[in-house]
Amino acid sequence: MFNKQKLNEMFNFTTNKTKTIQRMLFEFLQITPVIVYQFVLSKNIDNYIPHNNVRLSIIICLIYVLYIWIRIVLFNYYLEKQRSIICYDNDRQIKNKVFKNIQKAKISELDKIQVGTLFSISTSQSFDAARLFIWNFLGLFAYRIKSILITFIIMLFISWKIALVILLIFTISYIVLIPFYNKSMKNFKKIHLMIIDLQGKVNEYIDSFSTNKTLRLEEINIEDIREMLNKSKNELIKSSKTIGLHTSIFSLLTFNATIVTLIIGGNQILLGIGLASSILLMLDYINDINGHMKGVLDHIHEAMNKYSAFLNVLSIRNIEKEEDNGLLCLNKITSIEFNNVKMSYNEKDTILENINLKINKPMKVAIVGKSGSGKTTLINLIPRFYDLTDGNIFINGVDYKEYKLNELRKNISYVFQEPVILNMSIKENLNYGLENISFEEIRKICIKLGLDNKIMSLPNKYDTIINSKTDLLSFGEKQLLSYARAILKNGDIVILDEVTSNLDLEFEQNILSANKELLKGKISFIIAHRLNTIKDADLIIFIENKHIIEAGTHEELLKLNGKYSKLFLTK
């Protein structure tokens, strides 16, 4: 059920281990007198009151009243406050570590995880994980199980024979119900996985609501979610039935402890060797143990939920990180060379093979090929988004793994097919991640791209808050913002991944005109479906069946009368 090694890893995950132990000790101090007092009260009734020792009885009562006040005012306030502080600090630390590891993870590893799942782990599951020890295990061990143990010890002092019989009954009851317990745990794990899938699916549907509406998938999506909810409901009902049956049978079995206590205790009273108050106290303790045992089951179910959440947190922490063993700095990129490069995402299906290419600065390189031919894969190797399966990439004649990863990427400007717009002002979007960029530089680029007039027409101009869904700017204008950000970065290598494929002719012409000036002196890689936009490229490479099958200028490839020529003439 709980893996000892994993629990140890979880307990040491945050810096609050010592505070959690202290909190458990305080819990022990504040709950123990409550249990012991019942025993003391019984002795008071049996020994002091019959002998008219009123003073001692009053002192005992006053001590108890004083303890209750201290417990209410000091322990309850302090312990609950301390528990909340530890819990929220755990949550903060866990979220920080999860986000940090997502940022440092290999993209190939993140590709395997649903965005919704990552979001769930970063938010609700991190909070659940933060409560595992300070909330559930504290309640389980420092309160429930400890209370059961102390109660049994006191019962041994009252009547060791009855106590041992009761212990045997409870032990047998627990063993008999182990199959129910295991089944309940399996159901709970299944429900937890179903909830994660549901969260991931809902997040994906919300994130792509425009596409869903365009394709009229609303009813299909609603039906998918309804089906998942029905499955979750059915599993919850099954789990509830199992838990209910477990609890009922346990109560029935442990009721035998009450019967045995009455039989043995009644016999002792008749023989003159037992006291009625002791028997009543034993019955009271049996009721306490029964309640605590039911509480143990509830705590374990909740702990399993938090434990499963923590396992997901650990899976993110243990996710494979990007390798950054490079030691060299990289000030300028003057050349890049692909040497027998091979790329496969799963070590089975090869995407690229035997790629050989050498490019010296400045050069404009266009990459052409059918969808799925490996064009984006090729350019994603340049900033080391993915690891090579075989071969080498050299920058300035040096294997690019020898450079620090940060040094490599700071020299690369990348514009993706979908515009990357953050929930902040236009100005902040443009200088996001950039250093020492003045407003004058920002506006100069926007003027060249034909964006300035539109931005200046907005109420707050460059301080206008936008996001990826806002309709203040069109899709093309958002793409121009992404393009402007990449140009402002001023990398030696500029990658444009089908930047103009979703733009109208006006925006396309703005980018093509800007390229002539802004890409001067750089190495640029351009993926384009519109072949008329790359005719002026210094080198055009045509990829098909994992290989570069043609390479040359536009005129050279037309004269070759090969794949590129046929594709261009049919456009």
# chains A, B, ... in the order shown; residues from 1 in each chain; ligands from 1
$ select_by_dssp --residues "segment 324-570 of chain A" --states "strand (DSSP E or B)" --output "PyMOL selection string"
chain A and resi 328+335-344+350-360+363-369+390-395+398-399+403+412-415+424-425+465-466+493-497+523-527+539-544+547-552
$ residues_around --residues "Met228 of chain A" --least-positions-apart "3" --cutoff "12 Å" --atoms "only C-alpha atoms" --output "list in words"
Ile191, Leu193, Met194, Ile195, Ile196, Asp197, Leu198, Gln199, Gly200, Lys201, Val202, Asn221, Ile222, Glu223, Asp224, Ile225, Lys231, Ser232, Lys233, Asn234 and Glu235 of chain A
$ write_last_selection --atoms "N, CA and C atoms" --output "PDB file, in the first residue's frame"
ATOM      1  N   ILE A 191     -10.219   5.365  -8.990  1.00  0.00           N
ATOM      2  CA  ILE A 191     -10.967   6.626  -8.997  1.00  0.00           C
ATOM      3  C   ILE A 191     -10.014   7.801  -9.148  1.00  0.00           C
ATOM      4  N   LEU A 193      -7.089   7.908 -10.628  1.00  0.00           N
ATOM      5  CA  LEU A 193      -6.607   7.988 -12.009  1.00  0.00           C
ATOM      6  C   LEU A 193      -7.690   8.524 -12.943  1.00  0.00           C
ATOM      7  N   MET A 194      -8.933   8.122 -12.682  1.00  0.00           N
ATOM      8  CA  MET A 194     -10.043   8.605 -13.504  1.00  0.00           C
ATOM      9  C   MET A 194     -10.236  10.110 -13.329  1.00  0.00           C
ATOM     10  N   ILE A 195     -10.048  10.610 -12.124  1.00  0.00           N
ATOM     11  CA  ILE A 195     -10.196  12.046 -11.867  1.00  0.00           C
ATOM     12  C   ILE A 195      -9.101  12.826 -12.582  1.00  0.00           C
ATOM     13  N   ILE A 196      -7.875  12.283 -12.575  1.00  0.00           N
ATOM     14  CA  ILE A 196      -6.766  12.939 -13.275  1.00  0.00           C
ATOM     15  C   ILE A 196      -7.061  13.008 -14.773  1.00  0.00           C
ATOM     16  N   ASP A 197      -7.537  11.888 -15.339  1.00  0.00           N
ATOM     17  CA  ASP A 197      -7.889  11.874 -16.768  1.00  0.00           C
ATOM     18  C   ASP A 197      -8.995  12.884 -17.067  1.00  0.00           C
ATOM     19  N   LEU A 198      -9.966  12.954 -16.177  1.00  0.00           N
ATOM     20  CA  LEU A 198     -11.080  13.885 -16.356  1.00  0.00           C
ATOM     21  C   LEU A 198     -10.580  15.328 -16.339  1.00  0.00           C
ATOM     22  N   GLN A 199      -9.707  15.638 -15.391  1.00  0.00           N
ATOM     23  CA  GLN A 199      -9.158  16.993 -15.311  1.00  0.00           C
ATOM     24  C   GLN A 199      -8.382  17.341 -16.576  1.00  0.00           C
ATOM     25  N   GLY A 200      -7.582  16.387 -17.054  1.00  0.00           N
ATOM     26  CA  GLY A 200      -6.806  16.619 -18.269  1.00  0.00           C
ATOM     27  C   GLY A 200      -7.698  16.847 -19.481  1.00  0.00           C
ATOM     28  N   LYS A 201      -8.762  16.034 -19.599  1.00  0.00           N
ATOM     29  CA  LYS A 201      -9.663  16.152 -20.740  1.00  0.00           C
ATOM     30  C   LYS A 201     -10.425  17.486 -20.711  1.00  0.00           C
ATOM     31  N   VAL A 202     -10.921  17.865 -19.531  1.00  0.00           N
ATOM     32  CA  VAL A 202     -11.640  19.139 -19.398  1.00  0.00           C
ATOM     33  C   VAL A 202     -10.732  20.304 -19.769  1.00  0.00           C
ATOM     34  N   ASN A 221     -18.091  16.477 -27.169  1.00  0.00           N
ATOM     35  CA  ASN A 221     -17.280  16.723 -25.980  1.00  0.00           C
ATOM     36  C   ASN A 221     -18.103  16.566 -24.706  1.00  0.00           C
ATOM     37  N   ILE A 222     -19.326  17.095 -24.746  1.00  0.00           N
ATOM     38  CA  ILE A 222     -20.222  16.968 -23.583  1.00  0.00           C
ATOM     39  C   ILE A 222     -20.489  15.496 -23.287  1.00  0.00           C
ATOM     40  N   GLU A 223     -20.701  14.720 -24.346  1.00  0.00           N
ATOM     41  CA  GLU A 223     -20.965  13.291 -24.162  1.00  0.00           C
ATOM     42  C   GLU A 223     -19.732  12.575 -23.587  1.00  0.00           C
ATOM     43  N   ASP A 224     -18.540  12.964 -24.071  1.00  0.00           N
ATOM     44  CA  ASP A 224     -17.303  12.368 -23.543  1.00  0.00           C
ATOM     45  C   ASP A 224     -17.169  12.635 -22.044  1.00  0.00           C
ATOM     46  N   ILE A 225     -17.377  13.898 -21.657  1.00  0.00           N
ATOM     47  CA  ILE A 225     -17.261  14.260 -20.243  1.00  0.00           C
ATOM     48  C   ILE A 225     -18.354  13.571 -19.423  1.00  0.00           C
ATOM     49  N   LYS A 231     -18.705   7.097 -15.305  1.00  0.00           N
ATOM     50  CA  LYS A 231     -17.776   6.055 -14.863  1.00  0.00           C
ATOM     51  C   LYS A 231     -17.214   6.366 -13.480  1.00  0.00           C
ATOM     52  N   SER A 232     -16.879   7.639 -13.270  1.00  0.00           N
ATOM     53  CA  SER A 232     -16.362   8.057 -11.964  1.00  0.00           C
ATOM     54  C   SER A 232     -17.424   7.857 -10.885  1.00  0.00           C
ATOM     55  N   LYS A 233     -18.672   8.228 -11.222  1.00  0.00           N
ATOM     56  CA  LYS A 233     -19.765   8.068 -10.259  1.00  0.00           C
ATOM     57  C   LYS A 233     -19.960   6.603  -9.899  1.00  0.00           C
ATOM     58  N   ASN A 234     -19.958   5.719 -10.909  1.00  0.00           N
ATOM     59  CA  ASN A 234     -20.146   4.289 -10.651  1.00  0.00           C
ATOM     60  C   ASN A 234     -19.031   3.725  -9.785  1.00  0.00           C
ATOM     61  N   GLU A 235     -17.799   4.162 -10.047  1.00  0.00           N
ATOM     62  CA  GLU A 235     -16.681   3.689  -9.230  1.00  0.00           C
ATOM     63  C   GLU A 235     -16.784   4.208  -7.799  1.00  0.00           C
TER      64      GLU A 235
END
$ closest_residue --among "A:Met293, A:Ile336, A:Ile121, A:Leu430" --to "Phe99 of chain A" --atoms "only C-alpha atoms"
A:Ile121
$ select_by_dssp --residues "segment 356-417 of chain A" --states "helix (DSSP H, G or I)" --output "list in words"
Lys375, Thr376, Thr377, Leu378, Ile379, Asn380, Tyr400, Lys401, Glu402, Leu405, Asn406, Glu407, Leu408 and Arg409 of chain A
$ write_last_selection --atoms "C-alpha atoms" --output "JSON list (two decimals), in the first residue's frame"
[["chain", "number", "residue", "atom", "x", "y", "z"],
["A", 375, "LYS", "CA", 10.99, 19.81, -41.32],
["A", 376, "THR", "CA", 10.09, 21.01, -37.81],
["A", 377, "THR", "CA", 12.03, 18.14, -36.29],
["A", 378, "LEU", "CA", 15.14, 19.32, -38.12],
["A", 379, "ILE", "CA", 14.96, 22.89, -36.85],
["A", 380, "ASN", "CA", 14.01, 21.76, -33.32],
["A", 400, "TYR", "CA", 27.21, 22.05, -29.83],
["A", 401, "LYS", "CA", 26.89, 19.90, -26.70],
["A", 402, "GLU", "CA", 30.19, 21.44, -25.59],
["A", 405, "LEU", "CA", 22.73, 25.21, -23.09],
["A", 406, "ASN", "CA", 21.82, 28.73, -22.03],
["A", 407, "GLU", "CA", 24.66, 30.13, -24.13],
["A", 408, "LEU", "CA", 23.42, 28.25, -27.18],
["A", 409, "ARG", "CA", 19.78, 29.31, -26.86]]
$ residues_around --residues "Ile319 of chain A" --least-positions-apart "4" --cutoff "10 Å" --atoms "only C-alpha atoms" --output "VMD selection string"
chain A and resid 101 to 102 104 to 106 109 to 110 313 to 315
$ residues_around --residues "segment 515-531 of chain A" --least-positions-apart "3" --cutoff "6 Å" --atoms "only C-alpha atoms" --output "PyMOL selection string"
chain A and resi 361-367+492-498+511-512+534
$ write_last_selection --atoms "C-alpha atoms" --output "mmCIF file, in the first residue's frame"
data_model
loop_
_atom_site.group_PDB
_atom_site.id
_atom_site.type_symbol
_atom_site.label_atom_id
_atom_site.label_comp_id
_atom_site.auth_asym_id
_atom_site.auth_seq_id
_atom_site.Cartn_x
_atom_site.Cartn_y
_atom_site.Cartn_z
ATOM 1 C CA LYS A 361 26.878 33.068 -41.837
ATOM 2 C CA PRO A 362 25.121 34.898 -43.408
ATOM 3 C CA MET A 363 22.711 32.534 -45.161
ATOM 4 C CA LYS A 364 18.965 32.228 -45.587
ATOM 5 C CA VAL A 365 17.946 28.557 -45.628
ATOM 6 C CA ALA A 366 14.449 27.425 -46.620
ATOM 7 C CA ILE A 367 13.204 23.955 -45.724
ATOM 8 C CA ASP A 492 22.621 34.930 -34.741
ATOM 9 C CA ILE A 493 20.275 32.140 -35.821
ATOM 10 C CA VAL A 494 16.648 32.955 -36.596
ATOM 11 C CA ILE A 495 14.113 30.131 -36.997
ATOM 12 C CA LEU A 496 10.766 30.872 -38.640
ATOM 13 C CA ASP A 497 8.418 27.880 -38.503
ATOM 14 C CA GLU A 498 5.689 28.486 -41.086
ATOM 15 C CA ILE A 511 7.199 40.055 -42.789
ATOM 16 C CA LEU A 512 8.832 39.434 -46.169
ATOM 17 C CA ILE A 534 11.259 31.603 -50.225
#
$ atom_distance --atom1 "atom CA of Phe255 of chain A" --atom2 "atom CA of Ile243 of chain A"
18.1 Å
$ atom_distance --atom1 "atom CA of Phe141 of chain A" --atom2 "atom CA of Ile300 of chain A"
10.4 Å
$ closest_residue --among "A:Asn182, A:Ser248, A:Asn312, A:Asn287" --to "Val98 of chain A" --atoms "only C-alpha atoms"
A:Asn312
$ atom_distance --atom1 "atom CA of Val368 of chain A" --atom2 "atom CA of Lys448 of chain A"
27.2 Å
$ closest_atom_pairs --of "segment 240-327 of chain A" --to "segment 143-155 of chain A" --cutoff "12 Å" --atoms "only C-alpha atoms" --output "JSON lines"
{"residue": "A:Thr261", "atom": "CA", "partner": "A:Met155", "partner_atom": "CA", "distance": 11.3}
{"residue": "A:Ser278", "atom": "CA", "partner": "A:Met155", "partner_atom": "CA", "distance": 9.3}
{"residue": "A:Ile279", "atom": "CA", "partner": "A:Met155", "partner_atom": "CA", "distance": 10.2}
{"residue": "A:Leu280", "atom": "CA", "partner": "A:Met155", "partner_atom": "CA", "distance": 11.6}
{"residue": "A:Leu281", "atom": "CA", "partner": "A:Met155", "partner_atom": "CA", "distance": 8.7}
{"residue": "A:Met282", "atom": "CA", "partner": "A:Met155", "partner_atom": "CA", "distance": 6.7}
{"residue": "A:Leu283", "atom": "CA", "partner": "A:Met155", "partner_atom": "CA", "distance": 10.1}
{"residue": "A:Asp284", "atom": "CA", "partner": "A:Thr151", "partner_atom": "CA", "distance": 10.2}
{"residue": "A:Tyr285", "atom": "CA", "partner": "A:Thr151", "partner_atom": "CA", "distance": 6.6}
{"residue": "A:Ile286", "atom": "CA", "partner": "A:Thr151", "partner_atom": "CA", "distance": 8.7}
{"residue": "A:Asn287", "atom": "CA", "partner": "A:Thr151", "partner_atom": "CA", "distance": 10.7}
{"residue": "A:Asp288", "atom": "CA", "partner": "A:Ile148", "partner_atom": "CA", "distance": 8.0}
{"residue": "A:Ile289", "atom": "CA", "partner": "A:Ile148", "partner_atom": "CA", "distance": 5.7}
{"residue": "A:Asn290", "atom": "CA", "partner": "A:Ile148", "partner_atom": "CA", "distance": 9.0}
{"residue": "A:Gly291", "atom": "CA", "partner": "A:Arg144", "partner_atom": "CA", "distance": 9.1}
{"residue": "A:His292", "atom": "CA", "partner": "A:Arg144", "partner_atom": "CA", "distance": 5.4}
{"residue": "A:Met293", "atom": "CA", "partner": "A:Arg144", "partner_atom": "CA", "distance": 7.4}
{"residue": "A:Lys294", "atom": "CA", "partner": "A:Arg144", "partner_atom": "CA", "distance": 9.4}
{"residue": "A:Gly295", "atom": "CA", "partner": "A:Arg144", "partner_atom": "CA", "distance": 6.9}
{"residue": "A:Val296", "atom": "CA", "partner": "A:Arg144", "partner_atom": "CA", "distance": 6.2}
{"residue": "A:Leu297", "atom": "CA", "partner": "A:Arg144", "partner_atom": "CA", "distance": 10.0}
{"residue": "A:Asp298", "atom": "CA", "partner": "A:Arg144", "partner_atom": "CA", "distance": 10.6}
{"residue": "A:His299", "atom": "CA", "partner": "A:Arg144", "partner_atom": "CA", "distance": 8.9}
{"residue": "A:Ile300", "atom": "CA", "partner": "A:Arg144", "partner_atom": "CA", "distance": 10.9}
